[in-house]
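Text of the file final-v8.cif, holding mmCIF, C-alpha atoms:
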```cif
data_run
#
loop_
_atom_site.group_PDB
_atom_site.id
_atom_site.type_symbol
_atom_site.label_atom_id
_atom_site.label_comp_id
_atom_site.auth_asym_id
_atom_site.auth_seq_id
_atom_site.Cartn_x
_atom_site.Cartn_y
_atom_site.Cartn_z
ATOM 1 C CA MET T 205 4.333 -2.436 -7.455
ATOM 2 C CA LYS T 206 5.852 -3.960 -10.604
ATOM 3 C CA LYS T 207 4.219 -4.155 -14.003
ATOM 4 C CA VAL T 208 5.414 -5.722 -17.246
ATOM 5 C CA TYR T 209 4.645 -4.084 -20.576
ATOM 6 C CA LYS T 210 5.138 -5.283 -24.130
ATOM 7 C CA ILE T 211 7.495 -2.905 -25.907
ATOM 8 C CA GLU T 212 8.537 -2.665 -29.524
ATOM 9 C CA VAL T 213 12.089 -1.405 -29.903
ATOM 10 C CA ASP T 214 14.421 -1.817 -32.900
ATOM 11 C CA CYS T 215 17.836 -2.442 -31.365
ATOM 12 C CA ALA T 216 19.575 -3.416 -28.144
ATOM 13 C CA ASN T 217 21.292 -0.031 -27.879
ATOM 14 C CA CYS T 218 17.930 1.763 -28.066
ATOM 15 C CA ALA T 219 16.574 -0.594 -25.391
ATOM 16 C CA ASN T 220 19.466 0.380 -23.096
ATOM 17 C CA LEU T 221 18.916 4.092 -23.729
ATOM 18 C CA ILE T 222 15.192 3.723 -23.011
ATOM 19 C CA GLU T 223 15.907 1.797 -19.803
ATOM 20 C CA GLU T 224 18.233 4.515 -18.511
ATOM 21 C CA ALA T 225 15.763 7.274 -19.423
ATOM 22 C CA VAL T 226 12.804 5.504 -17.768
ATOM 23 C CA LYS T 227 14.779 5.031 -14.530
ATOM 24 C CA LYS T 228 14.989 8.848 -14.268
ATOM 25 C CA VAL T 229 11.219 9.406 -14.542
ATOM 26 C CA SER T 230 9.609 10.673 -11.347
ATOM 27 C CA GLY T 231 7.600 7.885 -9.717
ATOM 28 C CA VAL T 232 9.717 5.071 -11.174
ATOM 29 C CA LYS T 233 11.691 3.106 -8.588
ATOM 30 C CA ASN T 234 13.407 0.841 -11.119
ATOM 31 C CA ALA T 235 13.042 -0.256 -14.731
ATOM 32 C CA SER T 236 14.496 -2.839 -17.063
ATOM 33 C CA VAL T 237 14.064 -3.394 -20.778
ATOM 34 C CA ASN T 238 14.649 -6.834 -22.281
ATOM 35 C CA PHE T 239 15.347 -6.358 -25.982
ATOM 36 C CA MET T 240 15.166 -10.059 -26.860
ATOM 37 C CA ALA T 241 11.796 -10.566 -25.129
ATOM 38 C CA GLN T 242 10.542 -7.099 -26.175
ATOM 39 C CA LYS T 243 9.355 -6.462 -22.608
ATOM 40 C CA MET T 244 9.794 -3.616 -20.154
ATOM 41 C CA THR T 245 9.408 -4.103 -16.406
ATOM 42 C CA VAL T 246 8.637 -0.977 -14.411
ATOM 43 C CA GLU T 247 8.686 -0.835 -10.611
ATOM 44 C CA PHE T 248 6.764 2.135 -9.255
ATOM 45 C CA ASP T 249 7.434 4.169 -6.114
ATOM 46 C CA GLU T 250 4.976 3.619 -3.255
ATOM 47 C CA GLY T 251 1.695 5.508 -3.686
ATOM 48 C CA GLN T 252 2.259 6.593 -7.290
ATOM 49 C CA ASP T 253 -0.552 6.709 -9.852
ATOM 50 C CA VAL T 254 0.511 4.119 -12.427
ATOM 51 C CA ASP T 255 -1.339 5.758 -15.340
ATOM 52 C CA THR T 256 0.230 9.173 -14.697
ATOM 53 C CA VAL T 257 3.727 7.724 -14.380
ATOM 54 C CA MET T 258 3.302 5.625 -17.527
ATOM 55 C CA ASP T 259 2.197 8.702 -19.499
ATOM 56 C CA ALA T 260 5.533 10.281 -18.552
ATOM 57 C CA VAL T 261 7.377 7.048 -19.402
ATOM 58 C CA VAL T 262 5.821 6.944 -22.883
ATOM 59 C CA ARG T 263 6.797 10.587 -23.520
ATOM 60 C CA VAL T 264 10.399 9.909 -22.434
ATOM 61 C CA CYS T 265 10.609 6.793 -24.604
ATOM 62 C CA LYS T 266 9.366 8.701 -27.650
ATOM 63 C CA LYS T 267 12.085 11.334 -27.110
ATOM 64 C CA VAL T 268 14.796 8.653 -26.962
ATOM 65 C CA GLU T 269 13.426 6.502 -29.792
ATOM 66 C CA PRO T 270 10.511 7.946 -31.819
ATOM 67 C CA ASP T 271 9.677 4.510 -33.309
ATOM 68 C CA CYS T 272 9.353 2.890 -29.875
ATOM 69 C CA GLU T 273 5.926 1.497 -28.967
ATOM 70 C CA ILE T 274 4.778 0.610 -25.458
ATOM 71 C CA TYR T 275 1.566 -1.379 -25.198
ATOM 72 C CA LEU T 276 -0.200 -0.318 -22.002
#
```
Structure rendered as structure tokens:
Amino acid sequence: MKKVYKIEVDCANCANLIEEAVKKVSGVKNASVNFMAQKMTVEFDEGQDVDTVMDAVVRVCKKVEPDCEIYL
């Protein structure tokens, strides 16, 4: 399952760092962050609870970029 989220990130480099960090989160099959569109697409592994995985994604994003906002 894929979902698109609005994300607020300050620079393209931060967007790349967030993308790489999110790809490593358990339950995430793939992820991409589009800095220009301020959107993040997350593809979840089969059978994963989306809310639980996204809680982990938000925590990881805050570690990489404390000012980052993800609108769930």
Explicit residues for the PyMOL selection byres ((chain T and resi 253-265) around 9) (as a PyMOL selection string): chain T and resi 221-223+225-226+229-232+248+251-252+266-270+272-274+276
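Comparing the minimum interatomic distances between Ile211 (chain T) and each of T:Met244, T:Glu250, T:Lys227, T:Asp271, counting all atoms listed in the file, we find that T:Met244 sits nearest.
The residues returned by the PyMOL selection byres ((chain T and resi 213-216) around 6) for this structure are Glu212, Asn217, Cys218, Ala219, Phe239 and Cys272 of chain T.
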Do you know which residues the PyMOL selection byres ((chain T and resi 206) around 6) returns on this file, as a PyMOL selection string? chain T and resi 205+207+246-247
Pick out the closest residue to Lys210 (chain T) from this set: T:Asp249, T:Ser236, T:Glu224, T:Tyr275. Count all atoms listed in the file.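 Answer, going by the shortest atom-to-atom distance: T:Tyr275.
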